[in-house]
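Coordinates as given in coords-v8.pdb (PDB, C-alpha atoms):
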ATOM      1  CA  MET Q   1      -2.426  15.049   8.400
ATOM      2  CA  ILE Q   2      -3.272  11.510   7.283
ATOM      3  CA  VAL Q   3      -3.136  10.705   3.560
ATOM      4  CA  ILE Q   4      -4.844   7.442   2.644
ATOM      5  CA  LEU Q   5      -3.530   5.633  -0.439
ATOM      6  CA  LEU Q   6      -6.461   3.636  -1.789
ATOM      7  CA  GLY Q   7      -6.194   1.186  -4.670
ATOM      8  CA  ALA Q   8      -6.110  -2.431  -5.765
ATOM      9  CA  PRO Q   9      -2.987  -4.591  -5.369
ATOM     10  CA  GLY Q  10      -0.371  -3.418  -7.860
ATOM     11  CA  SER Q  11      -1.925   0.027  -8.304
ATOM     12  CA  GLY Q  12       1.277   1.800  -7.265
ATOM     13  CA  LYS Q  13       0.631   2.751  -3.654
ATOM     14  CA  GLY Q  14       4.193   1.924  -2.607
ATOM     15  CA  THR Q  15       5.645   3.796  -5.573
ATOM     16  CA  LEU Q  16       3.652   6.927  -4.805
ATOM     17  CA  ALA Q  17       4.562   6.674  -1.132
ATOM     18  CA  ASN Q  18       8.268   6.678  -2.013
ATOM     19  CA  ILE Q  19       7.739   9.828  -4.073
ATOM     20  CA  LEU Q  20       5.798  11.652  -1.353
ATOM     21  CA  LYS Q  21       8.284  10.696   1.367
ATOM     22  CA  LYS Q  22      10.537  13.364  -0.122
ATOM     23  CA  ASP Q  23       7.993  15.890   1.221
ATOM     24  CA  ASN Q  24       8.499  14.591   4.775
ATOM     25  CA  TYR Q  25       5.601  12.142   4.850
ATOM     26  CA  ILE Q  26       5.991   9.029   6.999
ATOM     27  CA  HIS Q  27       5.109   5.923   4.985
ATOM     28  CA  LEU Q  28       3.081   3.476   7.066
ATOM     29  CA  SER Q  29       2.613   0.269   5.094
ATOM     30  CA  THR Q  30       0.468  -2.352   6.774
ATOM     31  CA  GLY Q  31       2.207  -4.945   4.597
ATOM     32  CA  ASP Q  32       5.582  -3.962   6.068
ATOM     33  CA  MET Q  33       4.119  -3.975   9.580
ATOM     34  CA  PHE Q  34       2.691  -7.443   9.028
ATOM     35  CA  ARG Q  35       5.987  -8.771   7.632
ATOM     36  CA  GLU Q  36       7.886  -7.365  10.617
ATOM     37  CA  ALA Q  37       5.481  -9.041  13.037
ATOM     38  CA  ILE Q  38       5.858 -12.311  11.116
ATOM     39  CA  SER Q  39       9.665 -12.127  11.132
ATOM     40  CA  GLN Q  40       9.654 -11.494  14.893
ATOM     41  CA  LYS Q  41       7.356 -14.518  15.352
ATOM     42  CA  THR Q  42       5.117 -12.667  17.779
ATOM     43  CA  PRO Q  43       1.701 -14.189  18.617
ATOM     44  CA  ILE Q  44       0.083 -11.633  16.301
ATOM     45  CA  GLY Q  45       2.730 -12.336  13.667
ATOM     46  CA  ILE Q  46       1.978 -16.067  13.679
ATOM     47  CA  LYS Q  47      -1.732 -15.372  13.170
ATOM     48  CA  ILE Q  48      -0.969 -12.896  10.387
ATOM     49  CA  LYS Q  49       1.321 -15.386   8.610
ATOM     50  CA  ASP Q  50      -1.424 -18.007   8.423
ATOM     51  CA  ILE Q  51      -3.941 -15.456   7.097
ATOM     52  CA  ILE Q  52      -1.621 -13.990   4.442
ATOM     53  CA  SER Q  53      -0.437 -17.430   3.289
ATOM     54  CA  SER Q  54      -4.040 -18.279   2.431
ATOM     55  CA  GLY Q  55      -4.277 -15.123   0.296
ATOM     56  CA  SER Q  56      -6.794 -13.502   2.646
ATOM     57  CA  LEU Q  57      -6.616 -10.136   4.412
ATOM     58  CA  VAL Q  58      -5.743  -9.687   8.064
ATOM     59  CA  ASN Q  59      -8.866  -9.079  10.180
ATOM     60  CA  ASP Q  60      -9.925  -5.595  11.267
ATOM     61  CA  GLU Q  61      -9.203  -6.056  14.969
ATOM     62  CA  LEU Q  62      -5.533  -6.980  14.490
ATOM     63  CA  THR Q  63      -5.011  -4.333  11.823
ATOM     64  CA  ASN Q  64      -6.649  -1.537  13.836
ATOM     65  CA  GLN Q  65      -4.520  -2.474  16.827
ATOM     66  CA  LEU Q  66      -1.253  -2.170  14.893
ATOM     67  CA  VAL Q  67      -2.110   0.949  12.902
ATOM     68  CA  GLY Q  68      -3.922   2.806  15.681
ATOM     69  CA  SER Q  69      -0.983   2.444  18.042
ATOM     70  CA  TYR Q  70       1.388   3.883  15.453
ATOM     71  CA  ILE Q  71      -0.810   6.882  14.597
ATOM     72  CA  LYS Q  72      -1.219   7.795  18.264
ATOM     73  CA  ASN Q  73       2.560   7.990  18.621
ATOM     74  CA  HIS Q  74       2.986  10.093  15.444
ATOM     75  CA  SER Q  75      -0.192  12.211  15.458
ATOM     76  CA  SER Q  76       1.660  15.493  14.824
ATOM     77  CA  GLU Q  77       3.347  14.255  11.644
ATOM     78  CA  LYS Q  78       2.254  13.745   8.028
ATOM     79  CA  ILE Q  79       1.381  10.060   7.635
ATOM     80  CA  LEU Q  80       0.844   8.064   4.445
ATOM     81  CA  LEU Q  81      -1.403   5.064   5.035
ATOM     82  CA  ASP Q  82      -0.627   2.355   2.475
ATOM     83  CA  GLY Q  83      -2.996  -0.629   2.601
ATOM     84  CA  TYR Q  84      -5.189   0.841   5.330
ATOM     85  CA  PRO Q  85      -8.104   1.189   5.664
ATOM     86  CA  ARG Q  86      -9.245  -1.763   3.555
ATOM     87  CA  THR Q  87     -12.765  -2.063   4.942
ATOM     88  CA  ILE Q  88     -15.580   0.219   6.063
ATOM     89  CA  ASN Q  89     -15.016  -0.957   9.630
ATOM     90  CA  GLN Q  90     -11.375   0.121   9.473
ATOM     91  CA  ALA Q  91     -12.327   3.462   7.922
ATOM     92  CA  GLN Q  92     -14.884   4.065  10.650
ATOM     93  CA  TYR Q  93     -12.287   3.191  13.306
ATOM     94  CA  LEU Q  94     -10.022   5.846  11.799
ATOM     95  CA  GLU Q  95     -12.836   8.415  11.792
ATOM     96  CA  ASP Q  96     -13.932   7.664  15.358
ATOM     97  CA  ASN Q  97     -10.485   7.607  16.948
ATOM     98  CA  PHE Q  98      -8.703  10.389  15.073
ATOM     99  CA  LYS Q  99     -11.373  13.035  14.547
ATOM    100  CA  ASN Q 100      -8.986  15.969  14.965
ATOM    101  CA  ILE Q 101      -6.545  14.887  12.256
ATOM    102  CA  THR Q 102      -7.106  16.123   8.684
ATOM    103  CA  LYS Q 103      -7.586  13.239   6.251
ATOM    104  CA  LYS Q 104      -7.246  13.111   2.464
ATOM    105  CA  VAL Q 105      -7.559  10.157   0.085
ATOM    106  CA  LEU Q 106      -5.693   9.375  -3.141
ATOM    107  CA  LEU Q 107      -7.476   6.713  -5.227
ATOM    108  CA  LEU Q 108      -5.099   4.954  -7.629
ATOM    109  CA  ASP Q 109      -7.141   3.596 -10.533
ATOM    110  CA  VAL Q 110      -5.461   0.710 -12.402
ATOM    111  CA  ALA Q 111      -6.471  -2.039 -14.852
ATOM    112  CA  GLU Q 112      -6.277  -5.558 -13.430
ATOM    113  CA  ASP Q 113      -3.985  -6.912 -16.180
ATOM    114  CA  ILE Q 114      -1.413  -4.177 -15.621
ATOM    115  CA  ALA Q 115      -1.550  -4.576 -11.845
ATOM    116  CA  THR Q 116      -1.112  -8.347 -12.173
ATOM    117  CA  LYS Q 117       2.093  -7.933 -14.219
ATOM    118  CA  ARG Q 118       3.411  -5.445 -11.696
ATOM    119  CA  ILE Q 119       2.934  -7.956  -8.884
ATOM    120  CA  ILE Q 120       3.974 -11.188 -10.624
ATOM    121  CA  GLY Q 121       6.990  -9.425 -12.112
ATOM    122  CA  ARG Q 122       8.318  -8.056  -8.817
ATOM    123  CA  ARG Q 123      11.815  -9.172  -7.812
ATOM    124  CA  MET Q 124      14.081  -7.988  -5.018
ATOM    125  CA  CYS Q 125      17.768  -8.317  -4.168
ATOM    126  CA  PRO Q 126      18.108 -10.095  -0.799
ATOM    127  CA  LYS Q 127      21.400  -8.317  -0.113
ATOM    128  CA  CYS Q 128      20.909  -4.624  -0.972
ATOM    129  CA  GLY Q 129      17.105  -4.488  -1.256
ATOM    130  CA  ALA Q 130      17.048  -3.138  -4.827
ATOM    131  CA  ASN Q 131      13.702  -3.657  -6.557
ATOM    132  CA  TYR Q 132      13.061  -4.809 -10.132
ATOM    133  CA  ASN Q 133      10.216  -5.933 -12.365
ATOM    134  CA  ILE Q 134      10.822  -8.477 -15.119
ATOM    135  CA  TYR Q 135       8.215  -6.762 -17.343
ATOM    136  CA  PHE Q 136       8.720  -3.059 -16.669
ATOM    137  CA  ASN Q 137      12.144  -2.674 -14.999
ATOM    138  CA  PRO Q 138      14.232  -5.820 -15.577
ATOM    139  CA  PRO Q 139      17.823  -6.216 -14.339
ATOM    140  CA  ILE Q 140      20.651  -5.999 -16.872
ATOM    141  CA  VAL Q 141      21.452  -9.693 -16.393
ATOM    142  CA  SER Q 142      18.408 -11.945 -16.028
ATOM    143  CA  ASN Q 143      17.528 -12.589 -12.368
ATOM    144  CA  LYS Q 144      20.725 -10.923 -11.097
ATOM    145  CA  CYS Q 145      21.004  -7.675  -9.147
ATOM    146  CA  ASN Q 146      22.641  -4.852 -11.126
ATOM    147  CA  PHE Q 147      24.687  -3.776  -8.106
ATOM    148  CA  ASP Q 148      25.977  -6.892  -6.330
ATOM    149  CA  LYS Q 149      25.041  -9.720  -8.748
ATOM    150  CA  GLU Q 150      22.987 -11.519  -6.090
ATOM    151  CA  THR Q 151      20.202 -13.813  -7.345
ATOM    152  CA  LEU Q 152      16.893 -11.987  -7.095
ATOM    153  CA  ILE Q 153      14.012 -13.336  -5.034
ATOM    154  CA  GLN Q 154      10.223 -13.210  -5.372
ATOM    155  CA  ARG Q 155       7.824 -12.863  -2.448
ATOM    156  CA  LYS Q 156       5.913 -16.096  -1.807
ATOM    157  CA  ASP Q 157       2.534 -14.350  -2.009
ATOM    158  CA  ASP Q 158       3.331 -12.792  -5.415
ATOM    159  CA  ASN Q 159       1.719 -15.636  -7.358
ATOM    160  CA  LEU Q 160      -1.285 -15.661  -9.687
ATOM    161  CA  GLU Q 161      -3.620 -17.591  -7.378
ATOM    162  CA  SER Q 162      -2.946 -15.273  -4.440
ATOM    163  CA  ILE Q 163      -3.286 -12.180  -6.644
ATOM    164  CA  LYS Q 164      -6.675 -13.260  -8.025
ATOM    165  CA  ASN Q 165      -7.916 -13.824  -4.500
ATOM    166  CA  ARG Q 166      -6.585 -10.429  -3.358
ATOM    167  CA  PHE Q 167      -8.395  -8.706  -6.227
ATOM    168  CA  SER Q 168     -11.609 -10.514  -5.343
ATOM    169  CA  VAL Q 169     -11.295  -9.434  -1.715
ATOM    170  CA  PHE Q 170     -10.519  -5.858  -2.798
ATOM    171  CA  GLU Q 171     -13.663  -5.692  -4.900
ATOM    172  CA  SER Q 172     -15.903  -7.060  -2.167
ATOM    173  CA  GLN Q 173     -14.432  -5.332   0.889
ATOM    174  CA  THR Q 174     -12.414  -2.296  -0.165
ATOM    175  CA  SER Q 175     -14.336  -0.896  -3.143
ATOM    176  CA  PRO Q 176     -17.141   0.388  -0.858
ATOM    177  CA  LEU Q 177     -14.540   2.753   0.607
ATOM    178  CA  ILE Q 178     -14.630   4.682  -2.655
ATOM    179  CA  ASP Q 179     -18.242   5.699  -2.026
ATOM    180  CA  PHE Q 180     -17.486   6.250   1.670
ATOM    181  CA  TYR Q 181     -14.816   8.847   0.898
ATOM    182  CA  LYS Q 182     -16.581  10.354  -2.102
ATOM    183  CA  GLN Q 183     -19.371  11.405   0.212
ATOM    184  CA  LYS Q 184     -16.848  13.168   2.425
ATOM    185  CA  ASN Q 185     -15.406  15.040  -0.593
ATOM    186  CA  ILE Q 186     -11.806  14.371   0.430
ATOM    187  CA  MET Q 187     -10.726  12.072  -2.428
ATOM    188  CA  LEU Q 188      -8.713  12.572  -5.629
ATOM    189  CA  THR Q 189      -8.676   9.885  -8.359
ATOM    190  CA  ILE Q 190      -5.362   9.314 -10.156
ATOM    191  CA  ASP Q 191      -4.795   7.252 -13.324
ATOM    192  CA  SER Q 192      -2.090   4.779 -12.266
ATOM    193  CA  ASN Q 193      -2.056   2.740 -15.464
ATOM    194  CA  VAL Q 194       0.854   4.994 -16.409
ATOM    195  CA  SER Q 195       3.884   5.967 -14.344
ATOM    196  CA  LEU Q 196       2.997   8.135 -11.365
ATOM    197  CA  ASN Q 197       6.407   9.758 -11.470
ATOM    198  CA  ASN Q 198       5.525  12.404 -14.056
ATOM    199  CA  GLU Q 199       5.150  16.149 -13.664
ATOM    200  CA  GLN Q 200       1.438  16.351 -14.515
ATOM    201  CA  SER Q 201       0.379  13.676 -12.023
ATOM    202  CA  LEU Q 202       2.669  14.928  -9.263
ATOM    203  CA  ASN Q 203       1.509  18.538  -9.625
ATOM    204  CA  LYS Q 204      -2.120  17.417  -9.440
ATOM    205  CA  ILE Q 205      -1.449  15.351  -6.340
ATOM    206  CA  LYS Q 206       0.567  18.008  -4.512
ATOM    207  CA  GLU Q 207      -1.981  20.710  -5.304
ATOM    208  CA  PHE Q 208      -4.717  18.509  -3.816
ATOM    209  CA  LEU Q 209      -2.706  17.708  -0.670
ATOM    210  CA  ASN Q 210      -1.714  21.326  -0.073
ATOM    211  CA  LYS Q 211      -5.249  22.758  -0.248
TER     212      LYS Q 211
END
Mind turning this structure into C-alpha coordinates?
Amino acid sequence: MIVILLGAPGSGKGTLANILKKDNYIHLSTGDMFREAISQKTPIGIKIKDIISSGSLVNDELTNQLVGSYIKNHSSEKILLDGYPRTINQAQYLEDNFKNITKKVLLLDVAEDIATKRIIGRRMCPKCGANYNIYFNPPIVSNKCNFDKETLIQRKDDNLESIKNRFSVFESQTSPLIDFYKQKNIMLTIDSNVSLNNEQSLNKIKEFLNK
(Lines of atoms letter the chains of each structure in order from A and count residues from 1; the text may use other names and numbers.)
(Lines give C-alpha, C1' and ligand atoms only; values in the text may rest on other atoms or scores of the structure.)
Protein backbone atom coordinates (compact mmCIF):
# COMPACT_ATOMS: atom_id res chain seq x y z
CA MET A 1 0.00 0.00 0.00
CA ILE A 2 1.08 3.58 -0.70
CA VAL A 3 0.02 6.30 1.75
CA ILE A 4 0.44 9.82 0.39
CA LEU A 5 1.05 12.58 2.95
CA LEU A 6 -0.29 15.76 1.38
CA GLY A 7 0.10 19.20 2.92
CA ALA A 8 1.85 22.55 2.82
CA PRO A 9 5.41 23.01 4.14
CA GLY A 10 5.35 22.76 7.93
CA SER A 11 2.04 20.88 8.04
CA GLY A 12 3.56 17.97 9.95
CA LYS A 13 4.15 15.36 7.27
CA GLY A 14 7.48 14.30 8.77
CA THR A 15 6.01 14.15 12.27
CA LEU A 16 3.14 11.94 11.17
CA ALA A 17 5.51 9.73 9.20
CA ASN A 18 7.59 9.12 12.34
CA ILE A 19 4.43 8.08 14.18
CA LEU A 20 3.24 5.72 11.45
CA LYS A 21 6.66 4.11 11.04
CA LYS A 22 5.90 2.27 14.27
CA ASP A 23 3.27 0.35 12.25
CA ASN A 24 5.96 -0.87 9.82
CA TYR A 25 5.54 1.82 7.18
CA ILE A 26 8.62 2.81 5.18
CA HIS A 27 9.02 6.60 5.18
CA LEU A 28 10.06 7.86 1.76
CA SER A 29 10.81 11.57 1.99
CA THR A 30 11.70 13.24 -1.29
CA GLY A 31 13.46 15.93 0.74
CA ASP A 32 15.77 13.31 2.28
CA MET A 33 16.34 11.74 -1.14
CA PHE A 34 17.24 15.11 -2.60
CA ARG A 35 19.62 15.93 0.27
CA GLU A 36 21.35 12.56 -0.14
CA ALA A 37 21.82 13.16 -3.86
CA ILE A 38 23.20 16.63 -3.11
CA SER A 39 25.63 15.33 -0.48
CA GLN A 40 26.90 12.68 -2.91
CA LYS A 41 27.39 15.40 -5.55
CA THR A 42 25.85 13.27 -8.28
CA PRO A 43 24.86 14.98 -11.57
CA ILE A 44 21.23 14.87 -10.43
CA GLY A 45 22.26 16.12 -7.00
CA ILE A 46 24.01 19.17 -8.46
CA LYS A 47 20.90 20.07 -10.46
CA ILE A 48 18.69 19.57 -7.40
CA LYS A 49 20.93 21.79 -5.25
CA ASP A 50 20.60 24.71 -7.65
CA ILE A 51 16.81 24.31 -7.81
CA ILE A 52 16.30 24.03 -4.04
CA SER A 53 18.65 26.95 -3.31
CA SER A 54 16.39 29.18 -5.39
CA GLY A 55 13.39 28.10 -3.29
CA SER A 56 11.77 26.27 -6.21
CA LEU A 57 10.64 22.65 -6.45
CA VAL A 58 12.55 19.93 -8.25
CA ASN A 59 11.04 19.19 -11.68
CA ASP A 60 8.71 16.25 -12.28
CA GLU A 61 11.10 14.24 -14.44
CA LEU A 62 13.89 14.10 -11.85
CA THR A 63 11.47 13.48 -8.99
CA ASN A 64 9.58 10.70 -10.79
CA GLN A 65 12.87 9.03 -11.63
CA LEU A 66 14.01 8.93 -8.00
CA VAL A 67 10.69 7.98 -6.43
CA GLY A 68 9.58 5.51 -9.10
CA SER A 69 12.80 3.53 -8.81
CA TYR A 70 12.37 3.22 -5.06
CA ILE A 71 8.72 2.11 -5.21
CA LYS A 72 9.51 -0.58 -7.78
CA ASN A 73 12.07 -2.08 -5.40
CA HIS A 74 9.69 -1.96 -2.40
CA SER A 75 6.30 -2.61 -4.04
CA SER A 76 5.28 -5.29 -1.52
CA GLU A 77 5.75 -3.03 1.51
CA LYS A 78 3.74 -0.22 3.12
CA ILE A 79 5.21 3.06 1.87
CA LEU A 80 4.65 6.58 3.19
CA LEU A 81 5.22 9.20 0.50
CA ASP A 82 6.24 12.49 2.10
CA GLY A 83 6.52 15.40 -0.35
CA TYR A 84 5.37 13.37 -3.35
CA PRO A 85 3.37 13.80 -5.48
CA ARG A 86 3.46 17.60 -5.55
CA THR A 87 1.91 18.10 -8.98
CA ILE A 88 -0.85 16.57 -11.09
CA ASN A 89 1.81 15.23 -13.45
CA GLN A 90 3.51 13.40 -10.59
CA ALA A 91 0.18 12.06 -9.34
CA GLN A 92 -0.69 10.80 -12.80
CA TYR A 93 2.74 9.13 -13.08
CA LEU A 94 1.98 7.31 -9.83
CA GLU A 95 -1.44 6.22 -11.10
CA ASP A 96 -0.15 5.06 -14.48
CA ASN A 97 2.88 3.14 -13.24
CA PHE A 98 1.56 1.57 -10.04
CA LYS A 99 -2.04 0.69 -10.83
CA ASN A 100 -2.04 -2.50 -8.75
CA ILE A 101 -0.95 -0.86 -5.50
CA THR A 102 -3.64 0.44 -3.12
CA LYS A 103 -3.29 4.18 -2.50
CA LYS A 104 -4.65 6.36 0.31
CA VAL A 105 -4.13 10.07 0.98
CA LEU A 106 -3.83 11.96 4.28
CA LEU A 107 -4.33 15.73 3.82
CA LEU A 108 -2.74 17.73 6.65
CA ASP A 109 -4.56 21.05 6.91
CA VAL A 110 -2.52 23.81 8.62
CA ALA A 111 -2.62 27.61 8.92
CA GLU A 112 0.26 29.40 7.19
CA ASP A 113 1.39 31.32 10.30
CA ILE A 114 1.70 28.14 12.36
CA ALA A 115 3.51 26.30 9.57
CA THR A 116 5.93 29.22 9.14
CA LYS A 117 6.92 29.11 12.84
CA ARG A 118 7.40 25.37 12.63
CA ILE A 119 9.84 25.79 9.74
CA ILE A 120 11.71 28.93 10.83
CA GLY A 121 12.00 27.54 14.35
CA ARG A 122 13.51 24.19 13.34
CA ARG A 123 16.95 23.39 14.75
CA MET A 124 18.98 20.19 14.67
CA CYS A 125 22.00 18.83 16.52
CA PRO A 126 24.78 18.13 13.99
CA LYS A 127 26.21 15.38 16.21
CA CYS A 128 23.27 13.23 17.39
CA GLY A 129 20.54 14.45 15.03
CA ALA A 130 18.11 15.51 17.78
CA ASN A 131 15.44 17.92 16.56
CA TYR A 132 14.13 21.05 18.29
CA ASN A 133 11.93 24.06 17.60
CA ILE A 134 12.66 27.40 19.27
CA TYR A 135 8.91 28.17 19.45
CA PHE A 136 7.31 24.83 20.27
CA ASN A 137 10.10 22.53 21.55
CA PRO A 138 13.13 24.61 22.58
CA PRO A 139 16.30 23.11 24.07
CA ILE A 140 16.94 23.55 27.80
CA VAL A 141 19.91 25.83 27.08
CA SER A 142 19.40 28.24 24.19
CA ASN A 143 20.81 26.88 20.91
CA LYS A 144 22.50 23.92 22.64
CA CYS A 145 21.58 20.24 22.31
CA ASN A 146 20.10 18.75 25.49
CA PHE A 147 22.14 15.57 25.08
CA ASP A 148 25.66 16.51 23.96
CA LYS A 149 25.68 20.34 24.27
CA GLU A 150 26.56 20.78 20.59
CA THR A 151 25.54 24.09 18.98
CA LEU A 152 22.35 23.57 17.01
CA ILE A 153 22.15 24.27 13.29
CA GLN A 154 19.40 25.52 10.97
CA ARG A 155 18.88 24.30 7.42
CA LYS A 156 19.84 26.96 4.86
CA ASP A 157 16.45 26.78 3.13
CA ASP A 158 14.54 27.32 6.41
CA ASN A 159 14.33 31.09 5.93
CA LEU A 160 11.32 33.37 5.48
CA GLU A 161 11.94 34.20 1.81
CA SER A 162 12.29 30.54 0.84
CA ILE A 163 9.22 29.58 2.90
CA LYS A 164 7.01 32.23 1.27
CA ASN A 165 8.08 30.99 -2.14
CA ARG A 166 7.42 27.35 -1.17
CA PHE A 167 3.91 28.26 0.00
CA SER A 168 3.25 30.09 -3.25
CA VAL A 169 4.40 27.08 -5.26
CA PHE A 170 2.29 24.76 -3.08
CA GLU A 171 -0.83 26.81 -3.74
CA SER A 172 -0.29 26.94 -7.49
CA GLN A 173 0.99 23.42 -8.15
CA THR A 174 0.04 21.12 -5.29
CA SER A 175 -3.39 22.36 -4.20
CA PRO A 176 -5.03 20.92 -7.36
CA LEU A 177 -4.08 17.49 -6.00
CA ILE A 178 -6.74 17.95 -3.33
CA ASP A 179 -9.48 17.91 -5.97
CA PHE A 180 -7.68 15.13 -7.85
CA TYR A 181 -7.81 12.80 -4.85
CA LYS A 182 -11.21 13.93 -3.61
CA GLN A 183 -12.69 12.64 -6.84
CA LYS A 184 -11.10 9.26 -6.20
CA ASN A 185 -12.59 9.15 -2.67
CA ILE A 186 -9.34 7.97 -1.09
CA MET A 187 -8.49 11.04 1.03
CA LEU A 188 -8.86 11.90 4.73
CA THR A 189 -8.42 15.50 5.96
CA ILE A 190 -6.66 15.97 9.31
CA ASP A 191 -6.43 19.19 11.35
CA SER A 192 -2.67 19.63 11.84
CA ASN A 193 -2.83 23.01 13.55
CA VAL A 194 -2.66 20.97 16.75
CA SER A 195 -0.32 18.12 17.64
CA LEU A 196 -0.91 15.02 15.54
CA ASN A 197 0.33 12.82 18.34
CA ASN A 198 -2.99 12.58 20.18
CA GLU A 199 -5.32 9.63 20.60
CA GLN A 200 -8.29 11.09 18.71
CA SER A 201 -6.28 12.00 15.60
CA LEU A 202 -4.30 8.76 15.58
CA ASN A 203 -7.41 6.59 15.95
CA LYS A 204 -9.07 8.43 13.06
CA ILE A 205 -6.01 8.00 10.87
CA LYS A 206 -5.47 4.32 11.66
CA GLU A 207 -9.14 3.50 11.14
CA PHE A 208 -8.98 5.14 7.70
CA LEU A 209 -5.78 3.32 6.71
CA ASN A 210 -7.04 -0.07 7.89
CA LYS A 211 -10.33 0.02 5.96
- Compile the contact shell of Q:Asp113 as a list in words: residues with an atom at most 10 Å away, counting all atoms listed in the file, same-chain residues fewer than 4 positions apart removed.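 Once the nearby chain positions are removed, what remains is Gly10, Lys117, Arg118 and Asn193 of chain Q.
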- Item | Result set, the PyMOL selection byres ((chain Q and resi 162) around 12) on current file, as a list in words |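 Taken over the shown coordinates, the PyMOL selection byres ((chain Q and resi 162) around 12) returns Pro9, Ile51, Ile52, Ser53, Ser54, Gly55, Ser56, Leu57, Thr116, Ile119, Ile120, Arg155, Lys156, Asp157, Asp158, Asn159, Leu160, Glu161, Ile163, Lys164, Asn165, Arg166, Phe167, Ser168 and Val169 of chain Q.
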- Nearby residues (only C-alpha atoms) at most 8 Å from Q:Leu177, same-chain spacing under 3 positions excluded, as a PyMOL selection string: chain Q and resi 86-88+91+174+180-181
Generate the output file for the selected residues, C-alpha atoms, as a PDB file, keeping the file's coordinate frame.
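Wrote selection.pdb, looks like this:
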ATOM      1  CA  ARG Q  86      -9.245  -1.763   3.555  1.00  0.00           C
ATOM      2  CA  THR Q  87     -12.765  -2.063   4.942  1.00  0.00           C
ATOM      3  CA  ILE Q  88     -15.580   0.219   6.063  1.00  0.00           C
ATOM      4  CA  ALA Q  91     -12.327   3.462   7.922  1.00  0.00           C
ATOM      5  CA  THR Q 174     -12.414  -2.296  -0.165  1.00  0.00           C
ATOM      6  CA  PHE Q 180     -17.486   6.250   1.670  1.00  0.00           C
ATOM      7  CA  TYR Q 181     -14.816   8.847   0.898  1.00  0.00           C
TER       8      TYR Q 181
END
- Please check which residues have atoms at most 7 Å from (-4.2, 10.9, -7.1) in the file's coordinates, counting all atoms listed in the file, and write them as a PyMOL selection string. chain Q and resi 106-108+188-190+205
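When atom CA of Q:Lys99 is paired with atom CA of Q:Lys72, their separation reads 12.0 Å.
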- Message: Just the number, please: distance in Å from atom CA of Q:Ile186 to atom CA of Q:Gly12, one decimal.
- Response: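 So the answer is 19.7 Å.
Computed from the coordinates, the atom CA of Q:Glu36 to atom CA of Q:Asn146 distance equals 26.4 Å.
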Kindly list the centre and edge lengths in Å, rounded to one decimal, for the axis-aligned box that covers all listed atoms of stretch 47-51 of chain Q plus 5 Å on each of its six sides, as JSON.
{"center_x": -1.3, "center_y": -15.5, "center_z": 10.1, "size_x": 15.3, "size_y": 15.1, "size_z": 16.1}
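Every polymer residue reaching to within 6 Å of (2.0, 9.6, 6.4), counting all atoms listed in the file, appears in this list: Q:Ile2, Q:Val3, Q:Tyr25, Q:Ile26, Q:His27, Q:Lys78, Q:Ile79, Q:Leu80, Q:Leu81.
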- If the PyMOL selection byres ((chain Q and resi 134-142) around 9) is run on the structure shown, which residues does it catch, given as a PyMOL selection string? chain Q and resi 117-118+120-123+131-133+143-146+149
- Item | the PyMOL selection byres ((chain Q and resi 28) around 12) applied to the shown file, residues as number ranges by chain | Q: 2-5, 13-14, 17-18, 21, 25-27, 29-34, 66-71, 74, 77-85
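Proximity of Q:Glu199, Q:Gln90, Q:Gln154, Q:Met187 to Q:Lys104, computed with only C-alpha atoms, is greatest for Q:Met187.
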- Task: Determine, counting all atoms listed in the file, which protein, DNA and RNA residues have an atom within 10 Å of an atom of Q:Asn197; residues of the same chain fewer than 3 positions away are not included. Present the result as an MDAnalysis selection string.
- Result: chainID Q and resid 15:16 19 192 194 200:202
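Nearest-residue note for Q:Phe208: choosing from Q:Ala8, Q:Ile48, Q:Leu94, Q:Val105, the minimum distance belongs to Q:Val105, counting all atoms listed in the file.
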- Query: Using all atoms listed in the file, which of Q:Gln173, Q:Ser195, Q:Asn203, Q:Gln40 sits nearest Q:Val110?
  - Reply: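 Of Q:Gln173, Q:Ser195, Q:Asn203, Q:Gln40, the one nearest Q:Val110 is Q:Ser195, counting all atoms listed in the file.
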- Task: Pick out the closest residue to Q:Arg35 from this set: Q:Ile178, Q:Val58, Q:Asp191, Q:Lys22. Count all atoms listed in the file.
- Result: Q:Val58
- Item | Best match for closeness to Q:Met124 among Q:Thr151, Q:Asn100, Q:Ala111, Q:Pro176, counting only C-alpha atoms | Q:Thr151
